[in-house]
>>> print(open('run-v7.tsv').read())   # TSV, C-alpha atoms
chain	number	residue	atom	x	y	z
V	1	GLY	CA	-7.12	-1.60	4.31
V	2	ARG	CA	-8.05	-1.68	0.69
V	3	ASP	CA	-11.00	-3.75	-0.52
V	4	ASP	CA	-9.70	-6.01	-3.31
V	5	GLN	CA	-13.12	-7.16	-4.47
V	6	ALA	CA	-14.21	-6.05	-7.93
V	7	PRO	CA	-16.97	-3.44	-7.90
V	8	ALA	CA	-20.46	-4.53	-8.87
V	9	VAL	CA	-21.31	-3.88	-12.54
V	10	ALA	CA	-24.15	-1.38	-12.92
V	11	GLU	CA	-27.21	-2.51	-14.82
V	12	PRO	CA	-28.94	-0.21	-17.32
V	13	PRO	CA	-31.96	1.60	-15.89
V	14	ALA	CA	-35.36	-0.08	-15.97
V	15	GLY	CA	-36.48	2.43	-18.63
V	16	GLY	CA	-34.26	0.70	-21.18
V	17	GLY	CA	-31.20	2.96	-21.30
V	18	ARG	CA	-28.12	1.32	-22.82
V	19	TRP	CA	-24.90	2.88	-21.61
V	20	ALA	CA	-21.98	2.76	-24.00
V	21	HIS	CA	-19.32	0.55	-22.41
V	22	GLY	CA	-21.60	-0.01	-19.35
V	23	ARG	CA	-20.72	3.38	-17.85
V	24	THR	CA	-22.57	6.29	-16.36
V	25	VAL	CA	-19.54	8.61	-16.48
V	26	ALA	CA	-17.13	8.95	-19.41
V	27	THR	CA	-13.74	10.05	-18.08
V	28	SER	CA	-11.21	11.91	-20.23
V	29	LYS	CA	-8.77	9.01	-19.73
V	30	GLU	CA	-11.31	6.48	-21.11
V	31	ILE	CA	-12.27	8.75	-24.00
V	32	ASP	CA	-8.65	9.40	-24.99
V	33	ALA	CA	-7.92	5.65	-24.95
V	34	GLU	CA	-10.98	4.93	-27.13
V	35	LEU	CA	-9.97	7.63	-29.62
V	36	LYS	CA	-6.56	5.92	-30.05
V	37	GLN	CA	-8.13	2.59	-31.08
V	38	ASP	CA	-7.95	1.59	-34.74
V	39	GLY	CA	-11.73	1.42	-35.11
V	40	SER	CA	-12.23	5.03	-34.02
V	41	GLU	CA	-10.96	6.58	-37.28
V	42	ILE	CA	-13.87	7.86	-39.36
V	43	GLY	CA	-11.82	9.79	-41.91
V	44	PRO	CA	-8.38	11.33	-42.45
V	45	GLY	CA	-7.47	13.16	-39.23
V	46	CYS	CA	-10.90	12.48	-37.73
V	47	ARG	CA	-11.76	10.06	-34.93
V	48	ALA	CA	-14.93	9.41	-32.94
V	49	THR	CA	-16.22	7.38	-30.02
V	50	VAL	CA	-19.73	6.87	-28.66
V	51	LEU	CA	-19.99	8.26	-25.15
V	52	PHE	CA	-23.57	7.17	-24.39
V	53	HIS	CA	-26.33	5.38	-26.28
V	54	GLU	CA	-29.75	6.11	-24.81
V	55	PRO	CA	-33.32	5.42	-25.98
V	56	GLY	CA	-33.83	9.01	-27.25
V	57	PHE	CA	-30.31	10.13	-28.16
V	58	ASP	CA	-26.66	9.22	-28.59
V	59	THR	CA	-23.67	11.34	-27.62
V	60	VAL	CA	-20.48	11.07	-29.62
V	61	LEU	CA	-17.10	12.71	-29.08
V	62	ILE	CA	-15.42	13.71	-32.34
V	63	MET	CA	-11.75	14.66	-32.49
V	64	LEU	CA	-10.29	16.53	-35.45
V	65	GLU	CA	-6.49	16.50	-35.54
V	66	PRO	CA	-4.48	19.64	-36.36
V	67	ALA	CA	-4.12	20.63	-40.02
V	68	ALA	CA	-1.44	18.56	-41.77
V	69	ARG	CA	0.57	19.91	-44.71
V	70	GLY	CA	-1.74	22.92	-44.93
V	71	LYS	CA	-4.90	20.81	-45.25
V	72	PRO	CA	-7.35	20.97	-42.33
V	73	SER	CA	-8.91	17.79	-40.98
V	74	GLU	CA	-12.64	17.80	-41.50
V	75	LEU	CA	-15.88	15.92	-41.06
V	76	THR	CA	-18.50	16.27	-43.79
V	77	GLU	CA	-21.92	14.72	-43.33
V	78	VAL	CA	-25.58	15.00	-44.21
V	79	ASN	CA	-27.93	14.96	-41.24
V	80	SER	CA	-30.25	12.38	-42.78
V	81	SER	CA	-32.44	12.13	-39.69
V	82	ASP	CA	-35.71	13.93	-38.99
V	83	PHE	CA	-34.10	15.68	-36.00
V	84	ASP	CA	-31.67	18.56	-35.59
V	85	MET	CA	-28.26	17.58	-34.18
V	86	LEU	CA	-26.33	19.66	-31.66
V	87	TYR	CA	-22.56	20.08	-31.57
V	88	PHE	CA	-20.73	21.46	-28.52
V	89	VAL	CA	-17.09	22.52	-28.92
V	90	GLN	CA	-15.31	21.01	-25.92
V	91	GLU	CA	-11.68	21.84	-26.83
V	92	ALA	CA	-10.23	23.97	-29.62
V	93	GLU	CA	-7.78	26.70	-30.45
V	94	GLU	CA	-9.55	30.08	-30.37
V	95	GLY	CA	-11.42	30.68	-33.65
V	96	LYS	CA	-9.86	27.69	-35.42
V	97	VAL	CA	-12.92	25.45	-35.76
V	98	GLU	CA	-15.00	26.22	-38.83
V	99	PHE	CA	-18.61	25.07	-39.15
V	100	GLU	CA	-20.09	25.26	-42.62
V	101	LEU	CA	-23.78	24.54	-43.04
V	102	ALA	CA	-25.49	24.27	-46.41
V	103	GLU	CA	-28.98	25.31	-45.42
V	104	PRO	CA	-31.84	23.37	-47.02
V	105	ARG	CA	-33.28	26.60	-48.51
V	106	GLY	CA	-30.10	28.52	-49.27
V	107	GLY	CA	-26.37	28.57	-49.81
V	108	PRO	CA	-23.61	27.55	-47.42
V	109	ARG	CA	-23.13	29.45	-44.20
V	110	SER	CA	-19.70	29.37	-42.57
V	111	GLN	CA	-18.77	30.48	-39.07
V	112	ARG	CA	-15.75	30.22	-36.79
V	113	LEU	CA	-16.21	28.58	-33.41
V	114	GLN	CA	-14.33	28.57	-30.13
V	115	GLN	CA	-14.32	26.40	-27.02
V	116	GLY	CA	-17.80	26.50	-25.47
V	117	SER	CA	-19.62	27.23	-28.75
V	118	GLU	CA	-22.79	25.35	-29.70
V	119	VAL	CA	-24.10	24.85	-33.24
V	120	VAL	CA	-27.07	23.11	-34.85
V	121	ALA	CA	-26.95	20.84	-37.89
V	122	TYR	CA	-30.52	21.02	-39.10
V	123	ALA	CA	-32.43	17.89	-40.13
V	124	GLY	CA	-31.69	17.18	-43.79
V	125	ALA	CA	-28.77	19.62	-43.97
V	126	SER	CA	-25.30	18.97	-45.33
V	127	TYR	CA	-22.51	20.35	-43.16
V	128	THR	CA	-18.76	20.33	-42.60
V	129	VAL	CA	-16.71	20.84	-39.44
V	130	ARG	CA	-13.02	21.72	-39.93
V	131	ASN	CA	-10.06	22.11	-37.59
V	132	LEU	CA	-7.91	24.93	-39.01
V	133	SER	CA	-5.39	24.84	-36.15
V	134	ARG	CA	-1.85	23.71	-36.95
V	135	SER	CA	-1.11	22.66	-33.36
V	136	THR	CA	-4.25	21.77	-31.39
V	137	ASN	CA	-6.82	18.97	-31.62
V	138	ALA	CA	-10.45	20.07	-31.78
V	139	LYS	CA	-12.94	18.01	-29.76
V	140	LEU	CA	-16.67	18.31	-30.24
V	141	VAL	CA	-19.53	16.48	-28.55
V	142	ALA	CA	-22.44	15.65	-30.84
V	143	VAL	CA	-25.92	15.02	-29.47
V	144	VAL	CA	-27.77	12.84	-31.97
V	145	PRO	CA	-31.49	12.44	-31.24
V	146	HIS	CA	-33.37	9.35	-32.45
V	147	LEU	CA	-36.54	7.40	-31.78
>>> encode(input="run-v7.tsv", output="C-alpha cells")
Amino acid sequence: GRDDQAPAVAEPPAGGGRWAHGRTVATSKEIDAELKQDGSEIGPGCRATVLFHEPGFDTVLIMLEPAARGKPSELTEVNSSDFDMLYFVQEAEEGKVEFELAEPRGGPRSQRLQQGSEVVAYAGASYTVRNLSRSTNAKLVAVVPHL
C-alpha cells in the first residue's frame, strides 16, 4: 500500500545553510512553475528564480524569452560585488546567446554562447546577456558568491 503520511520537512544544515523553498533538489517542474509566477519577471522577456541561497553563494536560474518583433530579450547588470559571478548556459539555441562584457580596463567584449558554455562576469564589470533566438528560450544558471 501507499503511505499517505506527509513526508518530514528537512531542516537546514547545522552550518547555517538556507535552502530556497526548503529544498535540496530543484526539479525542472518546480523551476518552470516558479518562472511563470508574476514576481519572477525582472525585465521585458526576462524572468528569474532563486534556486538555492547558501551562506557563501546563491544560485539563480535566469530565463530569456525568444526575440520578439526583432528585439532580443536581454539582461543588463553591473556586478557590484567584490566577487566574480559565473554563468552556465543550461538551455539555448546553438550560438544564439550573446554575452557582452565591458571590461573594467577596456572596451566591450562580445561572444556567442551555446548550451554548456560558462562565462565570468568580473567583479565591478557591466555586462549584458541576450537571447537572439526567435524560437527558443535561453536558460542560464548564475552562481553569485557573497559573504
>>> closest_residue(input="run-v7.tsv", among="V:Val129, V:Ile31, V:Leu147, V:Val89", to="Pro72 of chain V", atoms="all atoms listed in the file")
V:Val129
>>> residues_around(input="run-v7.tsv", residues="Gln111 of chain V", least_positions_apart="2", cutoff="10 Å", atoms="all atoms listed in the file", output="list in words")
Gly95, Val97, Glu98, Phe99, Glu100, Leu101, Arg109, Leu113, Val119 and Val129 of chain V
>>> closest_residue(input="run-v7.tsv", among="V:Thr24, V:Phe57, V:Met63, V:Arg69", to="Glu41 of chain V", atoms="all atoms listed in the file")
V:Met63
>>> closest_residue(input="run-v7.tsv", among="V:Ala138, V:Ala48, V:Val143, V:Ala33", to="Met85 of chain V", atoms="only C-alpha atoms")
V:Val143
>>> atom_distance(input="run-v7.tsv", atom1="atom CA of Gly116 of chain V", atom2="atom CA of Glu93 of chain V")
11.2 Å
>>> residues_around(input="run-v7.tsv", residues="Ala121 of chain V", least_positions_apart="5", cutoff="8 Å", atoms="all atoms listed in the file", output="ChimeraX atom specification")
/V:79,84-87,101,126-127
>>> atom_distance(input="run-v7.tsv", atom1="atom CA of Phe88 of chain V", atom2="atom CA of Ser117 of chain V")
5.9 Å
>>> atom_distance(input="run-v7.tsv", atom1="atom CA of Leu35 of chain V", atom2="atom CA of Thr49 of chain V")
6.3 Å
>>> residues_near_point(input="run-v7.tsv", point="(-1.5, 24.3, -38.5)", cutoff="9 Å", atoms="all atoms listed in the file", output="ChimeraX atom specification")
/V:66-72,131-136
>>> closest_residue(input="run-v7.tsv", among="V:Cys46, V:Ala102, V:Ala123, V:Val141", to="Leu61 of chain V", atoms="only C-alpha atoms")
V:Val141
>>> residues_around(input="run-v7.tsv", residues="Gln90 of chain V", least_positions_apart="5", cutoff="6 Å", atoms="all atoms listed in the file", output="list in words")
Gln115, Lys139 and Leu140 of chain V
>>> decode(input="run-v7.tsv", residues="segment 26-143 of chain V", atoms="C-alpha atoms", output="PDB file, in the first residue's frame")
ATOM      1  CA  ALA V  26      15.334  21.935  -7.625  1.00  0.00           C
ATOM      2  CA  THR V  27      13.342  19.972 -10.206  1.00  0.00           C
ATOM      3  CA  SER V  28      12.631  21.325 -13.690  1.00  0.00           C
ATOM      4  CA  LYS V  29       8.885  21.166 -12.907  1.00  0.00           C
ATOM      5  CA  GLU V  30       9.327  23.374  -9.797  1.00  0.00           C
ATOM      6  CA  ILE V  31      11.611  25.806 -11.613  1.00  0.00           C
ATOM      7  CA  ASP V  32       9.248  26.153 -14.583  1.00  0.00           C
ATOM      8  CA  ALA V  33       6.320  26.840 -12.220  1.00  0.00           C
ATOM      9  CA  GLU V  34       8.329  29.493 -10.341  1.00  0.00           C
ATOM     10  CA  LEU V  35       9.335  31.193 -13.601  1.00  0.00           C
ATOM     11  CA  LYS V  36       5.634  31.539 -14.532  1.00  0.00           C
ATOM     12  CA  GLN V  37       4.794  33.464 -11.336  1.00  0.00           C
ATOM     13  CA  ASP V  38       4.167  37.203 -11.614  1.00  0.00           C
ATOM     14  CA  GLY V  39       7.016  38.080  -9.251  1.00  0.00           C
ATOM     15  CA  SER V  40       9.629  36.300 -11.364  1.00  0.00           C
ATOM     16  CA  GLU V  41       9.741  38.956 -14.117  1.00  0.00           C
ATOM     17  CA  ILE V  42      12.890  41.059 -13.797  1.00  0.00           C
ATOM     18  CA  GLY V  43      12.606  42.851 -17.141  1.00  0.00           C
ATOM     19  CA  PRO V  44      10.930  42.590 -20.543  1.00  0.00           C
ATOM     20  CA  GLY V  45      11.240  38.963 -21.671  1.00  0.00           C
ATOM     21  CA  CYS V  46      13.425  38.099 -18.679  1.00  0.00           C
ATOM     22  CA  ARG V  47      12.458  36.024 -15.636  1.00  0.00           C
ATOM     23  CA  ALA V  48      14.440  34.651 -12.700  1.00  0.00           C
ATOM     24  CA  THR V  49      14.055  32.426  -9.663  1.00  0.00           C
ATOM     25  CA  VAL V  50      16.402  31.675  -6.781  1.00  0.00           C
ATOM     26  CA  LEU V  51      17.340  28.005  -6.779  1.00  0.00           C
ATOM     27  CA  PHE V  52      19.408  27.970  -3.571  1.00  0.00           C
ATOM     28  CA  HIS V  53      20.500  30.535  -1.004  1.00  0.00           C
ATOM     29  CA  GLU V  54      23.557  29.395   0.928  1.00  0.00           C
ATOM     30  CA  PRO V  55      25.954  31.131   3.353  1.00  0.00           C
ATOM     31  CA  GLY V  56      28.652  31.640   0.668  1.00  0.00           C
ATOM     32  CA  PHE V  57      26.659  31.830  -2.565  1.00  0.00           C
ATOM     33  CA  ASP V  58      23.267  31.976  -4.243  1.00  0.00           C
ATOM     34  CA  THR V  59      22.240  30.197  -7.426  1.00  0.00           C
ATOM     35  CA  VAL V  60      19.661  31.780  -9.690  1.00  0.00           C
ATOM     36  CA  LEU V  61      18.053  30.474 -12.866  1.00  0.00           C
ATOM     37  CA  ILE V  62      17.503  33.194 -15.462  1.00  0.00           C
ATOM     38  CA  MET V  63      15.253  32.657 -18.469  1.00  0.00           C
ATOM     39  CA  LEU V  64      15.408  34.932 -21.501  1.00  0.00           C
ATOM     40  CA  GLU V  65      12.441  34.536 -23.849  1.00  0.00           C
ATOM     41  CA  PRO V  66      12.884  34.389 -27.639  1.00  0.00           C
ATOM     42  CA  ALA V  67      13.366  37.668 -29.509  1.00  0.00           C
ATOM     43  CA  ALA V  68      10.054  39.471 -30.051  1.00  0.00           C
ATOM     44  CA  ARG V  69       9.453  41.773 -33.033  1.00  0.00           C
ATOM     45  CA  GLY V  70      13.152  41.616 -33.914  1.00  0.00           C
ATOM     46  CA  LYS V  71      14.286  42.790 -30.467  1.00  0.00           C
ATOM     47  CA  PRO V  72      16.182  40.242 -28.353  1.00  0.00           C
ATOM     48  CA  SER V  73      15.334  39.835 -24.676  1.00  0.00           C
ATOM     49  CA  GLU V  74      18.267  40.811 -22.511  1.00  0.00           C
ATOM     50  CA  LEU V  75      19.579  41.207 -19.003  1.00  0.00           C
ATOM     51  CA  THR V  76      21.950  44.108 -18.331  1.00  0.00           C
ATOM     52  CA  GLU V  77      23.606  44.436 -14.947  1.00  0.00           C
ATOM     53  CA  VAL V  78      26.658  45.695 -13.123  1.00  0.00           C
ATOM     54  CA  ASN V  79      28.350  43.134 -10.902  1.00  0.00           C
ATOM     55  CA  SER V  80      28.587  45.480  -7.932  1.00  0.00           C
ATOM     56  CA  SER V  81      30.016  42.821  -5.621  1.00  0.00           C
ATOM     57  CA  ASP V  82      33.657  42.169  -4.778  1.00  0.00           C
ATOM     58  CA  PHE V  83      33.393  38.692  -6.332  1.00  0.00           C
ATOM     59  CA  ASP V  84      33.299  37.357  -9.875  1.00  0.00           C
ATOM     60  CA  MET V  85      29.981  35.768 -10.891  1.00  0.00           C
ATOM     61  CA  LEU V  86      29.690  32.635 -13.009  1.00  0.00           C
ATOM     62  CA  TYR V  87      27.020  31.973 -15.625  1.00  0.00           C
ATOM     63  CA  PHE V  88      26.347  28.489 -17.025  1.00  0.00           C
ATOM     64  CA  VAL V  89      24.200  28.172 -20.159  1.00  0.00           C
ATOM     65  CA  GLN V  90      21.754  25.380 -19.382  1.00  0.00           C
ATOM     66  CA  GLU V  91      19.488  25.617 -22.459  1.00  0.00           C
ATOM     67  CA  ALA V  92      19.812  27.660 -25.642  1.00  0.00           C
ATOM     68  CA  GLU V  93      19.651  27.561 -29.402  1.00  0.00           C
ATOM     69  CA  GLU V  94      23.142  26.971 -30.812  1.00  0.00           C
ATOM     70  CA  GLY V  95      25.109  30.247 -30.926  1.00  0.00           C
ATOM     71  CA  LYS V  96      22.078  32.414 -30.098  1.00  0.00           C
ATOM     72  CA  VAL V  97      23.066  33.623 -26.627  1.00  0.00           C
ATOM     73  CA  GLU V  98      25.284  36.690 -26.678  1.00  0.00           C
ATOM     74  CA  PHE V  99      27.374  37.712 -23.677  1.00  0.00           C
ATOM     75  CA  GLU V 100      28.785  41.220 -23.775  1.00  0.00           C
ATOM     76  CA  LEU V 101      31.216  42.256 -21.064  1.00  0.00           C
ATOM     77  CA  ALA V 102      32.501  45.796 -20.652  1.00  0.00           C
ATOM     78  CA  GLU V 103      35.831  45.051 -19.022  1.00  0.00           C
ATOM     79  CA  PRO V 104      36.902  47.386 -16.214  1.00  0.00           C
ATOM     80  CA  ARG V 105      40.107  48.315 -18.111  1.00  0.00           C
ATOM     81  CA  GLY V 106      38.863  48.224 -21.694  1.00  0.00           C
ATOM     82  CA  GLY V 107      36.020  48.255 -24.168  1.00  0.00           C
ATOM     83  CA  PRO V 108      33.147  45.810 -24.511  1.00  0.00           C
ATOM     84  CA  ARG V 109      33.840  42.222 -25.419  1.00  0.00           C
ATOM     85  CA  SER V 110      31.061  40.227 -27.067  1.00  0.00           C
ATOM     86  CA  GLN V 111      30.902  36.478 -27.598  1.00  0.00           C
ATOM     87  CA  ARG V 112      28.295  33.942 -28.696  1.00  0.00           C
ATOM     88  CA  LEU V 113      27.493  31.089 -26.345  1.00  0.00           C
ATOM     89  CA  GLN V 114      25.898  27.675 -26.676  1.00  0.00           C
ATOM     90  CA  GLN V 115      24.407  25.140 -24.287  1.00  0.00           C
ATOM     91  CA  GLY V 116      27.119  24.059 -21.832  1.00  0.00           C
ATOM     92  CA  SER V 117      29.116  27.315 -22.074  1.00  0.00           C
ATOM     93  CA  GLU V 118      30.433  29.042 -18.951  1.00  0.00           C
ATOM     94  CA  VAL V 119      31.273  32.744 -18.653  1.00  0.00           C
ATOM     95  CA  VAL V 120      32.549  35.064 -15.924  1.00  0.00           C
ATOM     96  CA  ALA V 121      31.151  38.483 -15.068  1.00  0.00           C
ATOM     97  CA  TYR V 122      34.090  40.074 -13.297  1.00  0.00           C
ATOM     98  CA  ALA V 123      33.643  41.995 -10.046  1.00  0.00           C
ATOM     99  CA  GLY V 124      32.764  45.598 -10.879  1.00  0.00           C
ATOM    100  CA  ALA V 125      32.041  44.864 -14.546  1.00  0.00           C
ATOM    101  CA  SER V 126      28.986  45.880 -16.541  1.00  0.00           C
ATOM    102  CA  TYR V 127      27.602  43.119 -18.745  1.00  0.00           C
ATOM    103  CA  THR V 128      24.649  42.108 -20.907  1.00  0.00           C
ATOM    104  CA  VAL V 129      23.258  38.672 -21.760  1.00  0.00           C
ATOM    105  CA  ARG V 130      20.962  38.487 -24.821  1.00  0.00           C
ATOM    106  CA  ASN V 131      18.818  35.757 -26.350  1.00  0.00           C
ATOM    107  CA  LEU V 132      18.976  36.239 -30.133  1.00  0.00           C
ATOM    108  CA  SER V 133      16.843  33.172 -30.905  1.00  0.00           C
ATOM    109  CA  ARG V 134      13.423  33.741 -32.447  1.00  0.00           C
ATOM    110  CA  SER V 135      12.047  30.405 -31.224  1.00  0.00           C
ATOM    111  CA  THR V 136      13.848  29.090 -28.129  1.00  0.00           C
ATOM    112  CA  ASN V 137      14.094  30.249 -24.513  1.00  0.00           C
ATOM    113  CA  ALA V 138      17.607  30.632 -23.137  1.00  0.00           C
ATOM    114  CA  LYS V 139      18.173  29.441 -19.553  1.00  0.00           C
ATOM    115  CA  LEU V 140      21.279  30.318 -17.599  1.00  0.00           C
ATOM    116  CA  VAL V 141      22.281  29.447 -14.050  1.00  0.00           C
ATOM    117  CA  ALA V 142      24.116  32.220 -12.207  1.00  0.00           C
ATOM    118  CA  VAL V 143      26.362  31.470  -9.249  1.00  0.00           C
TER     119      VAL V 143
END
